[in-house]
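A.B. asks: File follows, target32.txt with compact mmCIF, C-alpha atoms (C1' of nucleotides):
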```txt
# COMPACT_ATOMS: atom_id res chain seq x y z
CA MET A 52 104.95 125.17 122.89
CA PRO A 53 101.71 124.97 120.89
CA GLN A 54 100.76 128.62 120.84
CA GLN A 55 97.26 128.13 119.53
CA ALA A 56 94.77 127.08 122.17
CA GLU A 57 93.30 123.62 121.89
CA GLN A 58 89.74 123.70 120.67
CA PRO A 59 87.58 121.84 123.15
CA ALA A 60 85.26 119.45 121.31
CA ALA A 61 82.33 120.74 123.30
CA ASN A 62 79.79 120.29 120.53
CA GLY A 63 80.72 116.71 119.74
CA ALA A 64 82.74 117.62 116.66
CA PRO A 65 86.17 115.99 116.89
CA SER A 66 89.12 118.21 117.78
CA LEU A 67 92.71 117.96 116.61
CA GLY A 68 93.82 118.99 120.09
CA PRO A 69 97.29 120.58 120.17
CA LEU A 70 98.25 119.31 116.69
CA PRO A 71 97.43 122.52 114.77
CA GLY A 72 99.88 124.34 117.04
CA TYR A 73 102.86 122.28 115.89
CA VAL A 74 105.00 123.40 112.96
CA GLY A 75 105.90 119.77 112.23
CA PHE A 76 102.27 118.73 111.91
CA ASN A 77 101.42 121.62 109.59
CA LEU A 78 104.53 121.02 107.51
CA ARG A 79 103.42 117.42 106.97
CA ARG A 80 99.86 118.41 106.16
CA ALA A 81 100.89 121.07 103.67
CA GLN A 82 103.32 118.71 102.01
CA VAL A 83 100.70 115.97 101.66
CA ALA A 84 98.21 118.52 100.31
CA SER A 85 100.80 119.63 97.76
CA PHE A 86 101.49 116.04 96.57
CA ARG A 87 97.80 115.24 96.30
CA HIS A 88 97.04 118.46 94.46
CA LEU A 89 99.82 117.71 92.01
CA GLU A 90 98.54 114.19 91.54
CA ARG A 91 95.17 115.65 90.53
CA THR A 92 96.53 118.40 88.30
CA ALA A 93 99.58 116.72 86.78
CA GLY A 94 98.98 113.00 87.27
CA SER A 95 98.55 112.47 83.54
CA LEU A 96 102.22 113.30 82.94
CA ASN A 97 103.28 110.36 85.12
CA LEU A 98 106.02 112.28 86.89
CA THR A 99 106.20 112.35 90.68
CA PRO A 100 107.50 115.42 92.48
CA GLY A 101 110.70 113.49 93.18
CA GLN A 102 111.17 112.66 89.51
CA PHE A 103 110.54 116.30 88.63
CA SER A 104 113.27 117.39 91.07
CA LEU A 105 115.61 114.85 89.54
CA LEU A 106 115.02 116.00 85.95
CA THR A 107 115.34 119.62 87.02
CA PHE A 108 118.62 118.84 88.71
CA LEU A 109 119.95 117.08 85.61
CA GLU A 110 118.94 119.99 83.41
CA ALA A 111 120.92 122.35 85.68
CA ASN A 112 123.87 119.96 85.92
CA PRO A 113 124.25 117.88 82.78
CA GLY A 114 126.89 115.17 83.07
CA VAL A 115 126.70 114.62 86.84
CA SER A 116 127.17 111.21 88.43
CA GLN A 117 124.59 109.26 90.44
CA LYS A 118 126.70 109.88 93.54
CA THR A 119 126.40 113.63 93.09
CA VAL A 120 122.64 113.41 92.58
CA SER A 121 122.41 111.29 95.71
CA GLN A 122 124.31 113.82 97.78
CA GLU A 123 122.60 116.93 96.48
CA LEU A 124 119.03 115.61 96.61
CA GLY A 125 119.52 113.69 99.84
CA VAL A 126 118.56 110.18 98.72
CA ASP A 127 120.62 107.01 98.89
CA THR A 128 122.23 105.73 95.69
CA SER A 129 120.39 102.44 96.14
CA THR A 130 117.12 104.40 96.10
CA LEU A 131 118.21 106.28 93.01
CA THR A 132 119.12 103.28 90.85
CA PRO A 133 115.58 101.99 90.17
CA VAL A 134 114.25 105.52 89.73
CA LEU A 135 116.88 106.24 87.08
CA ASP A 136 116.20 102.86 85.49
CA GLY A 137 112.59 103.92 85.05
CA LEU A 138 113.45 107.32 83.58
CA ALA A 139 116.01 105.74 81.23
CA ASN A 140 113.49 103.12 80.09
CA ARG A 141 111.13 105.95 79.25
CA GLN A 142 113.95 107.58 77.27
CA LEU A 143 113.80 110.70 79.42
CA ILE A 144 117.43 110.57 80.49
CA ARG A 145 120.72 109.43 79.01
CA ARG A 146 123.20 107.46 81.06
CA GLY A 147 126.55 107.68 79.30
CA ARG A 148 129.64 106.21 80.91
CA ALA A 149 132.19 108.89 81.76
CA ASP A 150 135.45 108.68 79.80
CA HIS A 151 137.80 109.45 82.66
CA ASP A 152 136.30 106.93 85.12
CA ARG A 153 134.34 104.05 83.71
CA ARG A 154 132.62 103.34 87.03
CA THR A 155 130.64 106.58 86.98
CA TYR A 156 127.73 107.56 84.79
CA ALA A 157 127.33 110.95 83.14
CA LEU A 158 123.62 111.67 83.42
CA SER A 159 121.74 114.06 81.18
CA LEU A 160 118.29 114.75 79.74
CA THR A 161 117.24 113.53 76.33
CA PRO A 162 115.27 115.92 74.09
CA SER A 163 112.07 114.15 75.06
CA GLY A 164 113.08 114.39 78.73
CA THR A 165 113.50 118.12 78.27
CA ARG A 166 110.09 118.39 76.63
CA LEU A 167 108.35 116.45 79.41
CA LEU A 168 110.20 118.48 82.04
CA ASN A 169 108.95 121.70 80.47
CA ARG A 170 105.38 120.45 80.49
CA MET A 171 105.67 119.34 84.10
CA ARG A 172 107.29 122.62 85.09
CA ALA A 173 104.22 124.47 83.83
CA ARG A 174 102.02 122.35 86.13
CA ILE A 175 104.38 122.82 89.05
CA GLU A 176 104.38 126.55 88.54
CA ALA A 177 100.60 126.59 88.28
CA GLN A 178 100.56 124.97 91.72
CA GLU A 179 103.03 127.55 92.98
CA THR A 180 100.69 130.27 91.73
CA GLU A 181 97.80 128.56 93.48
CA MET A 182 99.74 128.50 96.75
CA ALA A 183 100.89 132.09 96.32
CA ALA A 184 97.23 133.09 96.02
CA ALA A 185 96.77 131.99 99.64
CA LEU A 186 99.52 134.38 100.73
CA SER A 187 99.82 138.13 100.82
CA PRO A 188 102.57 139.88 98.84
CA GLY A 189 105.92 139.31 100.49
CA GLU A 190 104.74 136.33 102.50
CA ARG A 191 105.83 133.85 99.87
CA GLU A 192 109.42 134.98 100.06
CA ASP A 193 109.29 134.97 103.86
CA LEU A 194 107.94 131.43 103.75
CA LEU A 195 110.73 130.18 101.46
CA ASN A 196 113.19 131.80 103.80
CA MET A 197 111.75 130.34 106.97
CA LEU A 198 111.56 126.84 105.51
CA GLU A 199 115.19 127.00 104.49
CA ARG A 200 116.25 128.22 107.94
CA ILE A 201 114.31 125.39 109.57
CA CYS A 202 116.04 122.82 107.36
CA LEU A 203 119.46 124.16 108.16
CA ARG A 204 118.72 124.25 111.88
CA LEU A 205 117.38 120.70 112.01
CA GLU A 206 120.19 119.30 109.91
CA SER A 207 122.89 120.87 112.07
CA ASN A 208 121.34 120.12 115.45
CA GLY A 209 119.99 117.24 117.55
CA MET B 173 107.37 131.84 89.47
CA PRO B 174 110.63 130.97 91.23
CA GLN B 175 111.52 134.35 92.66
CA GLN B 176 115.03 133.44 93.66
CA ALA B 177 117.53 133.54 90.84
CA GLU B 178 119.05 130.26 89.75
CA GLN B 179 122.59 129.95 90.92
CA PRO B 180 124.77 129.22 87.92
CA ALA B 181 127.16 126.39 88.73
CA ALA B 182 130.04 128.40 87.40
CA ASN B 183 132.63 126.94 89.76
CA GLY B 184 131.76 123.32 89.11
CA ALA B 185 129.74 122.95 92.30
CA PRO B 186 126.36 121.44 91.48
CA SER B 187 123.35 123.76 91.51
CA LEU B 188 119.77 122.99 92.49
CA GLY B 189 118.63 125.27 89.68
CA PRO B 190 115.13 126.70 90.20
CA LEU B 191 114.22 124.17 92.93
CA PRO B 192 114.99 126.42 95.94
CA GLY B 193 112.50 128.93 94.55
CA TYR B 194 109.56 126.51 94.80
CA VAL B 195 107.43 126.39 97.93
CA GLY B 196 106.59 122.74 97.23
CA PHE B 197 110.25 121.74 97.13
CA ASN B 198 111.05 123.54 100.38
CA LEU B 199 107.97 122.13 102.06
CA ARG B 200 109.13 118.64 101.20
CA ARG B 201 112.70 119.30 102.34
CA ALA B 202 111.63 120.79 105.66
CA GLN B 203 109.24 117.92 106.27
CA VAL B 204 111.90 115.31 105.56
CA ALA B 205 114.36 117.20 107.80
CA SER B 206 111.76 117.20 110.57
CA PHE B 207 111.13 113.44 110.29
CA ARG B 208 114.84 112.65 110.25
CA HIS B 209 115.54 114.93 113.19
CA LEU B 210 112.78 113.26 115.17
CA GLU B 211 114.13 109.85 114.27
CA ARG B 212 117.46 110.88 115.77
CA THR B 213 116.07 112.56 118.89
CA ALA B 214 113.03 110.37 119.63
CA GLY B 215 113.69 107.13 117.75
CA SER B 216 114.14 105.21 120.99
CA LEU B 217 110.45 105.67 121.85
CA ASN B 218 109.42 103.76 118.72
CA LEU B 219 106.67 106.16 117.79
CA THR B 220 106.49 107.65 114.31
CA PRO B 221 105.12 111.17 113.80
CA GLY B 222 101.97 109.60 112.40
CA GLN B 223 101.51 107.41 115.48
CA PHE B 224 102.07 110.45 117.67
CA SER B 225 99.31 112.33 115.83
CA LEU B 226 97.02 109.36 116.26
CA LEU B 227 97.59 109.06 120.01
CA THR B 228 97.21 112.81 120.41
CA PHE B 229 93.94 112.67 118.52
CA LEU B 230 92.65 109.84 120.70
CA GLU B 231 93.60 111.72 123.85
CA ALA B 232 91.58 114.72 122.66
CA ASN B 233 88.67 112.56 121.49
CA PRO B 234 88.32 109.43 123.60
CA GLY B 235 85.75 106.99 122.28
CA VAL B 236 85.95 107.92 118.57
CA SER B 237 85.54 105.37 115.79
CA GLN B 238 88.13 104.40 113.20
CA LYS B 239 86.02 106.11 110.56
CA THR B 240 86.27 109.41 112.42
CA VAL B 241 90.03 109.07 112.83
CA SER B 242 90.29 108.30 109.14
CA GLN B 243 88.34 111.40 108.18
CA GLU B 244 90.02 113.81 110.57
CA LEU B 245 93.59 112.69 109.97
CA GLY B 246 93.14 112.15 106.24
CA VAL B 247 94.18 108.49 105.94
CA ASP B 248 92.16 105.61 104.54
CA THR B 249 90.57 103.17 107.02
CA SER B 250 92.45 100.32 105.37
CA THR B 251 95.69 102.15 106.18
CA LEU B 252 94.58 102.70 109.74
CA THR B 253 93.71 99.11 110.59
CA PRO B 254 97.27 97.71 110.75
CA VAL B 255 98.55 100.83 112.52
CA LEU B 256 95.89 100.44 115.22
CA ASP B 257 96.64 96.72 115.40
CA GLY B 258 100.23 97.60 116.24
CA LEU B 259 99.31 100.16 118.89
CA ALA B 260 96.78 97.77 120.44
CA ASN B 261 99.35 94.95 120.51
CA ARG B 262 101.67 97.29 122.37
CA GLN B 263 98.82 97.98 124.83
CA LEU B 264 98.91 101.68 124.03
CA ILE B 265 95.28 101.93 122.97
CA ARG B 266 92.01 100.24 123.88
CA ARG B 267 89.56 99.17 121.21
CA GLY B 268 86.20 98.64 122.88
CA ARG B 269 83.13 97.87 120.81
CA ALA B 270 80.54 100.64 121.04
CA ASP B 271 77.27 99.68 122.74
CA HIS B 272 74.95 101.48 120.36
CA ASP B 273 76.48 100.12 117.14
CA ARG B 274 78.44 96.94 117.36
CA ARG B 275 80.18 97.55 114.04
CA THR B 276 82.15 100.50 115.35
CA TYR B 277 85.04 100.61 117.76
CA ALA B 278 85.37 103.11 120.60
CA LEU B 279 89.07 103.94 120.63
CA SER B 280 90.91 105.35 123.62
CA LEU B 281 94.34 105.49 125.24
CA THR B 282 95.42 103.07 127.95
CA PRO B 283 97.33 104.47 130.93
CA SER B 284 100.58 103.26 129.38
CA GLY B 285 99.54 104.87 126.09
CA THR B 286 99.06 108.15 127.93
CA ARG B 287 102.46 107.82 129.57
CA LEU B 288 104.24 107.13 126.27
CA LEU B 289 102.36 109.97 124.61
CA ASN B 290 103.55 112.36 127.31
CA ARG B 291 107.15 111.28 126.83
CA MET B 292 106.88 111.65 123.06
CA ARG B 293 105.19 115.02 123.39
CA ALA B 294 108.23 116.30 125.28
CA ARG B 295 110.48 115.26 122.36
CA ILE B 296 108.11 116.77 119.82
CA GLU B 297 108.04 120.03 121.72
CA ALA B 298 111.82 120.04 122.00
CA GLN B 299 111.89 119.85 118.20
CA GLU B 300 109.36 122.67 118.01
CA THR B 301 111.66 124.74 120.22
CA GLU B 302 114.58 123.90 117.96
CA MET B 303 112.63 125.03 114.90
CA ALA B 304 111.43 128.18 116.66
CA ALA B 305 115.06 129.06 117.33
CA ALA B 306 115.54 129.43 113.58
CA LEU B 307 112.75 132.00 113.46
CA SER B 308 112.39 135.50 114.81
CA PRO B 309 109.61 136.29 117.29
CA GLY B 310 106.25 136.34 115.54
CA GLU B 311 107.48 134.38 112.55
CA ARG B 312 106.44 131.06 114.05
CA GLU B 313 102.82 132.11 114.27
CA ASP B 314 102.95 133.55 110.75
CA LEU B 315 104.37 130.26 109.51
CA LEU B 316 101.61 128.17 111.14
CA ASN B 317 99.11 130.51 109.59
CA MET B 318 100.56 130.40 106.10
CA LEU B 319 100.83 126.62 106.12
CA GLU B 320 97.20 126.30 107.09
CA ARG B 321 96.09 128.72 104.40
CA ILE B 322 98.09 126.77 101.80
CA CYS B 323 96.42 123.52 102.85
CA LEU B 324 92.95 124.98 102.61
CA ARG B 325 93.70 126.49 99.23
CA LEU B 326 95.11 123.30 97.73
CA GLU B 327 92.32 121.14 99.12
CA SER B 328 89.59 123.36 97.73
CA ASN B 329 91.14 123.99 94.32
CA GLY B 330 92.52 122.16 91.28
C1' DT C 167 70.91 98.32 100.93
C1' DA C 168 74.35 101.10 103.39
C1' DT C 169 78.11 101.36 106.70
C1' DT C 170 82.22 99.87 109.70
C1' DG C 171 85.99 97.65 109.64
C1' DT C 172 89.31 93.83 107.70
C1' DT C 173 91.94 91.50 104.27
C1' DA C 174 94.39 90.73 100.03
C1' DT C 175 97.06 92.96 97.16
C1' DA C 176 99.95 96.31 95.06
C1' DC C 177 102.81 100.30 94.50
C1' DT C 178 106.08 103.94 96.21
C1' DC C 179 109.68 105.45 98.98
C1' DT C 180 113.21 104.55 101.84
C1' DA C 181 117.43 102.29 103.63
C1' DT C 182 121.25 98.53 104.90
C1' DA C 183 124.26 94.99 103.49
C1' DA C 184 126.49 92.30 100.22
C1' DC C 185 127.99 92.41 95.72
C1' DT C 186 130.53 93.69 90.89
C1' DA C 187 133.39 96.57 88.32
C1' DT C 188 136.62 99.72 88.24
C1' DA C 189 140.19 102.76 90.21
C1' DT D 273 141.89 99.21 99.48
C1' DA D 274 138.50 102.59 98.13
C1' DT D 275 134.71 104.13 95.20
C1' DA D 276 130.47 103.99 91.80
C1' DG D 277 126.81 101.66 91.14
C1' DT D 278 123.56 97.39 91.53
C1' DT D 279 120.91 93.91 93.79
C1' DA D 280 118.49 91.55 97.44
C1' DT D 281 115.84 92.46 100.93
C1' DA D 282 113.03 94.70 104.30
C1' DG D 283 110.01 98.06 106.39
C1' DA D 284 106.82 102.09 106.42
C1' DG D 285 103.19 104.27 104.17
C1' DT D 286 99.72 104.61 100.99
C1' DA D 287 95.56 103.06 98.38
C1' DT D 288 91.70 100.08 95.80
C1' DA D 289 88.68 96.24 95.70
C1' DA D 290 86.36 92.47 97.67
C1' DC D 291 84.65 90.87 101.87
C1' DA D 292 82.15 89.99 106.70
C1' DA D 293 79.39 91.65 110.24
C1' DT D 294 76.07 94.73 111.51
C1' DA D 295 72.66 98.29 110.84
```
Go through the file and emit its structure as C-alpha cells.

C.D. replies:
Amino acid sequence: MPQQAEQPAANGAPSLGPLPGYVGFNLRRAQVASFRHLERTAGSLNLTPGQFSLLTFLEANPGVSQKTVSQELGVDTSTLTPVLDGLANRQLIRRGRADHDRRTYALSLTPSGTRLLNRMRARIEAQETEMAAALSPGEREDLLNMLERICLRLESNG
Amino acid sequence: MPQQAEQPAANGAPSLGPLPGYVGFNLRRAQVASFRHLERTAGSLNLTPGQFSLLTFLEANPGVSQKTVSQELGVDTSTLTPVLDGLANRQLIRRGRADHDRRTYALSLTPSGTRLLNRMRARIEAQETEMAAALSPGEREDLLNMLERICLRLESNG
DNA sequence: TATTGTTATACTCTATAACTATA
DNA sequence: TATAGTTATAGAGTATAACAATA
C-alpha cells in the first residue's frame, strides 16, 4: 500500500521507512504541525483549536444545548463540561437555562467572547493562508474535499 | 479564507459555520476519524498509532538511540521513556547499551516485536485501502504530497 | 562542561460510570 | 423511565525542570 519507496538509510541517516507512504501518518504529522504552529502564532490569546471550534459553533448556533454541541463536534458531554466551565469563567460564553426545559442550557457568546473569537479567527485564517501558500491554485479545495470524503468513509465503515 | 459558503441553519439543524472551510479543522477531523477507526479495527492488538510508528522506525533503523527516535519522530525524550518502558516490558523491543557510549541505548525489535508489527501493519494497510477507496486514482498520491508540503511550510514559518 | 536518559510533576484531552435534577 | 448535565476517576499524550551516569 505505501506507494512511495522506502528510503534505504545507506548513508547512516535514519529513515522513516514506509511511514511517509501512509495517509494516516501524514494526516497526524500535518495536524500536529498545525497545532504547534498555532501555539506559536496565537498562543497569547489562550484559545486552543478546540476552544476556537466551540466558540465558532456557538456563534453560528446561538442558544444550542451542550448535548447538541457534543453531537455536532464529536466530543462527549463529560469532556465538554469542564471546557465550558473554563470559557464561562473567562466570561466568553453565557450559559442561560432554557425556559422550556430547565435541564438544558442555552449557550451563547458574550460580547467579549465575540471579540476574542474575531481576534482568534484572524490568526486561524493567517495559518490557512500560510498552508494555502504550500499548495497550487485549486489544490486547497481538492484537499478539503478529500479530507471530508476520508472522514465519511472511515465513519461509515470498519 | 474559508472558500466554502457557510450553510445557514435555516431549518433549525445546527450548522458548523465556517469550520468546514478550514484545512486545519478538516485535518483534525480526519485524523481523529483515522484513530477511532483504527481503534475499532485493530484495538485488539493493543498498539496505538504512535507505538506502530515507533516499531516501524526501529525496524527500519535497528540500533538507534532514544535521542534519534525523539528527533525523527518529533516527541520529547521524556515522553519516549515510559512508552519504551511499556514496549520493553511486553518484550517487543530490546534495549541494549551501546558499546562505544554507555549512556546511549541501542534499540531494536525482538522477534515477537517483529511479528506483532507485521500483524499491525496489515491492519494499518487495510485502513489505507479503506481511505484510498474514498479517493479517485491519483488523488492519494496528491494528498500525500500536499500533506507533506503543508508540514514543511508550517515547520519553517511563523 | 555537555549529553543521554530518567524522574517528578503538571496539564490537556479523552472517555466510562455513577450521580442529580428535571422531564 | 428517560434525558441533560455534572462529577469522580482513569488513561493516553504531551512537556519542562531537576537529576544521575557517562562522556

A.B. asks: Kindly provide, as a ChimeraX atom specification, the residues of chain A having any atom no farther than 8 Å from an atom of chain B, counting all atoms listed in the file.

C.D. replies: /A:52,54,60,65-75,77-82,84-85,88,91-92,104,107-108,111-112,119,123,176,179-182,185-186,191-192,194-195,197-202,204-206,209

A.B. asks: Would you list which chain C residues are within 10 Å of chain B using all atoms listed in the file, as a count of residues only?

C.D. replies: 5

A.B. asks: A:Asn169, A:Leu158, A:Ser163, A:Gly137: which is nearest Gln102 in chain A, counting all atoms listed in the file?

C.D. replies: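 Closest to Gln102 in chain A of all the choices is A:Gly137.
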
A.B. asks: If we count all atoms listed in the file, what is near Leu289 in chain B at a cut-off of 8 Å, once residues fewer than 2 positions away on the same chain are taken out, given as a PyMOL selection string?

C.D. replies: chain B and resi 224+227-228+285-287+291-293

A.B. asks: Mind running chain D against chain A at 9 Å and telling me each contacting residue's nearest atom pair with the distance in Å (one decimal), counting only C-alpha atoms (C1' of nucleotides), chain and number ascending, as CSV?

C.D. replies:
```
residue,atom,partner,partner_atom,distance
D:DT275,C1',A:Arg154,CA,8.5
D:DA276,C1',A:Arg154,CA,5.3
D:DG277,C1',A:Arg154,CA,7.3
D:DT278,C1',A:Thr132,CA,7.4
D:DT279,C1',A:Ser129,CA,8.9
```

A.B. asks: Which value, in Å to one decimal, gives the distance between CA of Gln243 in chain B and C1' of DT294 in chain D?

C.D. replies: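 We find that CA of Gln243 in chain B and C1' of DT294 in chain D lie 21.0 Å from each other.
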
A.B. asks: Interatomic distance between C1' of DA187 in chain C and CA of Gly114 in chain A?

C.D. replies: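 Interatomic distance here is 20.4 Å.
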
A.B. asks: Measure the distance from C1' of DC291 in chain D to CA of Ala270 in chain B in Å and round it to one decimal.

C.D. replies: 21.9 Å

A.B. asks: Once you add 4 Å to each side, what are the centre and edge lengths of the axis-aligned box holding all listed atoms of range 283-293 of chain D? One decimal in Å, as JSON, if you can.

C.D. replies:
```
{"center_x": 94.7, "center_y": 97.3, "center_z": 103.0, "size_x": 38.6, "size_y": 22.6, "size_z": 22.5}
```

A.B. asks: Since the input is missing atoms, can you rebuild all heavy atoms for range 229-239 of chain B and write them as a PDB file, in the coordinates of the input?

C.D. replies:
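Writing the result to part_7.pdb gives the following:
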```pdb
ATOM      1  N   PHE B 229      95.338 112.548 118.924  1.00  0.00           N
ATOM      2  CA  PHE B 229      93.940 112.670 118.520  1.00  0.00           C
ATOM      3  C   PHE B 229      93.029 111.860 119.440  1.00  0.00           C
ATOM      4  O   PHE B 229      91.952 112.326 119.834  1.00  0.00           O
ATOM      5  CB  PHE B 229      93.760 112.230 117.064  1.00  0.00           C
ATOM      6  CG  PHE B 229      92.369 112.427 116.542  1.00  0.00           C
ATOM      7  CD1 PHE B 229      91.903 113.697 116.225  1.00  0.00           C
ATOM      8  CD2 PHE B 229      91.519 111.348 116.379  1.00  0.00           C
ATOM      9  CE1 PHE B 229      90.606 113.884 115.746  1.00  0.00           C
ATOM     10  CE2 PHE B 229      90.219 111.534 115.903  1.00  0.00           C
ATOM     11  CZ  PHE B 229      89.769 112.797 115.592  1.00  0.00           C
ATOM     12  N   LEU B 230      93.467 110.668 119.810  1.00  0.00           N
ATOM     13  CA  LEU B 230      92.650 109.840 120.700  1.00  0.00           C
ATOM     14  C   LEU B 230      92.569 110.442 122.102  1.00  0.00           C
ATOM     15  O   LEU B 230      91.531 110.342 122.770  1.00  0.00           O
ATOM     16  CB  LEU B 230      93.204 108.412 120.781  1.00  0.00           C
ATOM     17  CG  LEU B 230      93.156 107.609 119.490  1.00  0.00           C
ATOM     18  CD1 LEU B 230      93.559 106.162 119.751  1.00  0.00           C
ATOM     19  CD2 LEU B 230      91.785 107.676 118.850  1.00  0.00           C
ATOM     20  N   GLU B 231      93.651 111.073 122.538  1.00  0.00           N
ATOM     21  CA  GLU B 231      93.600 111.720 123.850  1.00  0.00           C
ATOM     22  C   GLU B 231      92.559 112.848 123.854  1.00  0.00           C
ATOM     23  O   GLU B 231      91.815 113.022 124.823  1.00  0.00           O
ATOM     24  CB  GLU B 231      94.972 112.279 124.229  1.00  0.00           C
ATOM     25  CG  GLU B 231      94.999 112.894 125.613  1.00  0.00           C
ATOM     26  CD  GLU B 231      96.384 113.427 125.990  1.00  0.00           C
ATOM     27  OE1 GLU B 231      96.919 114.268 125.220  1.00  0.00           O
ATOM     28  OE2 GLU B 231      96.922 113.005 127.014  1.00  0.00           O
ATOM     29  N   ALA B 232      92.517 113.591 122.737  1.00  0.00           N
ATOM     30  CA  ALA B 232      91.580 114.720 122.660  1.00  0.00           C
ATOM     31  C   ALA B 232      90.152 114.260 122.404  1.00  0.00           C
ATOM     32  O   ALA B 232      89.212 115.004 122.669  1.00  0.00           O
ATOM     33  CB  ALA B 232      92.035 115.686 121.557  1.00  0.00           C
ATOM     34  N   ASN B 233      90.000 113.035 121.873  1.00  0.00           N
ATOM     35  CA  ASN B 233      88.670 112.560 121.490  1.00  0.00           C
ATOM     36  C   ASN B 233      88.447 111.105 121.895  1.00  0.00           C
ATOM     37  O   ASN B 233      88.261 110.229 121.043  1.00  0.00           O
ATOM     38  CB  ASN B 233      88.498 112.678 119.963  1.00  0.00           C
ATOM     39  CG  ASN B 233      88.780 114.069 119.444  1.00  0.00           C
ATOM     40  OD1 ASN B 233      87.922 114.934 119.462  1.00  0.00           O
ATOM     41  ND2 ASN B 233      89.991 114.293 118.978  1.00  0.00           N
ATOM     42  N   PRO B 234      88.471 110.818 123.177  1.00  0.00           N
ATOM     43  CA  PRO B 234      88.320 109.430 123.600  1.00  0.00           C
ATOM     44  C   PRO B 234      86.971 108.882 123.153  1.00  0.00           C
ATOM     45  O   PRO B 234      85.961 109.589 123.201  1.00  0.00           O
ATOM     46  CB  PRO B 234      88.410 109.507 125.131  1.00  0.00           C
ATOM     47  CG  PRO B 234      88.140 110.927 125.462  1.00  0.00           C
ATOM     48  CD  PRO B 234      88.598 111.740 124.301  1.00  0.00           C
ATOM     49  N   GLY B 235      86.989 107.626 122.675  1.00  0.00           N
ATOM     50  CA  GLY B 235      85.750 106.990 122.280  1.00  0.00           C
ATOM     51  C   GLY B 235      85.410 107.103 120.797  1.00  0.00           C
ATOM     52  O   GLY B 235      84.391 106.583 120.348  1.00  0.00           O
ATOM     53  N   VAL B 236      86.255 107.778 120.005  1.00  0.00           N
ATOM     54  CA  VAL B 236      85.950 107.920 118.570  1.00  0.00           C
ATOM     55  C   VAL B 236      86.079 106.600 117.829  1.00  0.00           C
ATOM     56  O   VAL B 236      86.731 105.662 118.288  1.00  0.00           O
ATOM     57  CB  VAL B 236      86.867 108.956 117.859  1.00  0.00           C
ATOM     58  CG1 VAL B 236      86.531 110.373 118.286  1.00  0.00           C
ATOM     59  CG2 VAL B 236      88.320 108.618 118.072  1.00  0.00           C
ATOM     60  N   SER B 237      85.474 106.559 116.653  1.00  0.00           N
ATOM     61  CA  SER B 237      85.540 105.370 115.790  1.00  0.00           C
ATOM     62  C   SER B 237      86.725 105.486 114.826  1.00  0.00           C
ATOM     63  O   SER B 237      87.304 106.556 114.651  1.00  0.00           O
ATOM     64  CB  SER B 237      84.260 105.264 114.971  1.00  0.00           C
ATOM     65  OG  SER B 237      84.201 106.323 114.033  1.00  0.00           O
ATOM     66  N   GLN B 238      87.043 104.373 114.179  1.00  0.00           N
ATOM     67  CA  GLN B 238      88.130 104.400 113.200  1.00  0.00           C
ATOM     68  C   GLN B 238      87.750 105.262 112.006  1.00  0.00           C
ATOM     69  O   GLN B 238      88.614 105.931 111.418  1.00  0.00           O
ATOM     70  CB  GLN B 238      88.468 102.967 112.754  1.00  0.00           C
ATOM     71  CG  GLN B 238      88.954 102.129 113.911  1.00  0.00           C
ATOM     72  CD  GLN B 238      89.504 100.765 113.528  1.00  0.00           C
ATOM     73  OE1 GLN B 238      89.847  99.976 114.408  1.00  0.00           O
ATOM     74  NE2 GLN B 238      89.601 100.463 112.246  1.00  0.00           N
ATOM     75  N   LYS B 239      86.485 105.266 111.670  1.00  0.00           N
ATOM     76  CA  LYS B 239      86.020 106.110 110.560  1.00  0.00           C
ATOM     77  C   LYS B 239      86.314 107.583 110.839  1.00  0.00           C
ATOM     78  O   LYS B 239      86.802 108.307 109.958  1.00  0.00           O
ATOM     79  CB  LYS B 239      84.502 105.908 110.382  1.00  0.00           C
ATOM     80  CG  LYS B 239      83.927 106.525 109.125  1.00  0.00           C
ATOM     81  CD  LYS B 239      84.343 105.736 107.899  1.00  0.00           C
ATOM     82  CE  LYS B 239      84.088 106.471 106.592  1.00  0.00           C
ATOM     83  NZ  LYS B 239      82.679 106.856 106.431  1.00  0.00           N
TER      84      LYS B 239
END
```
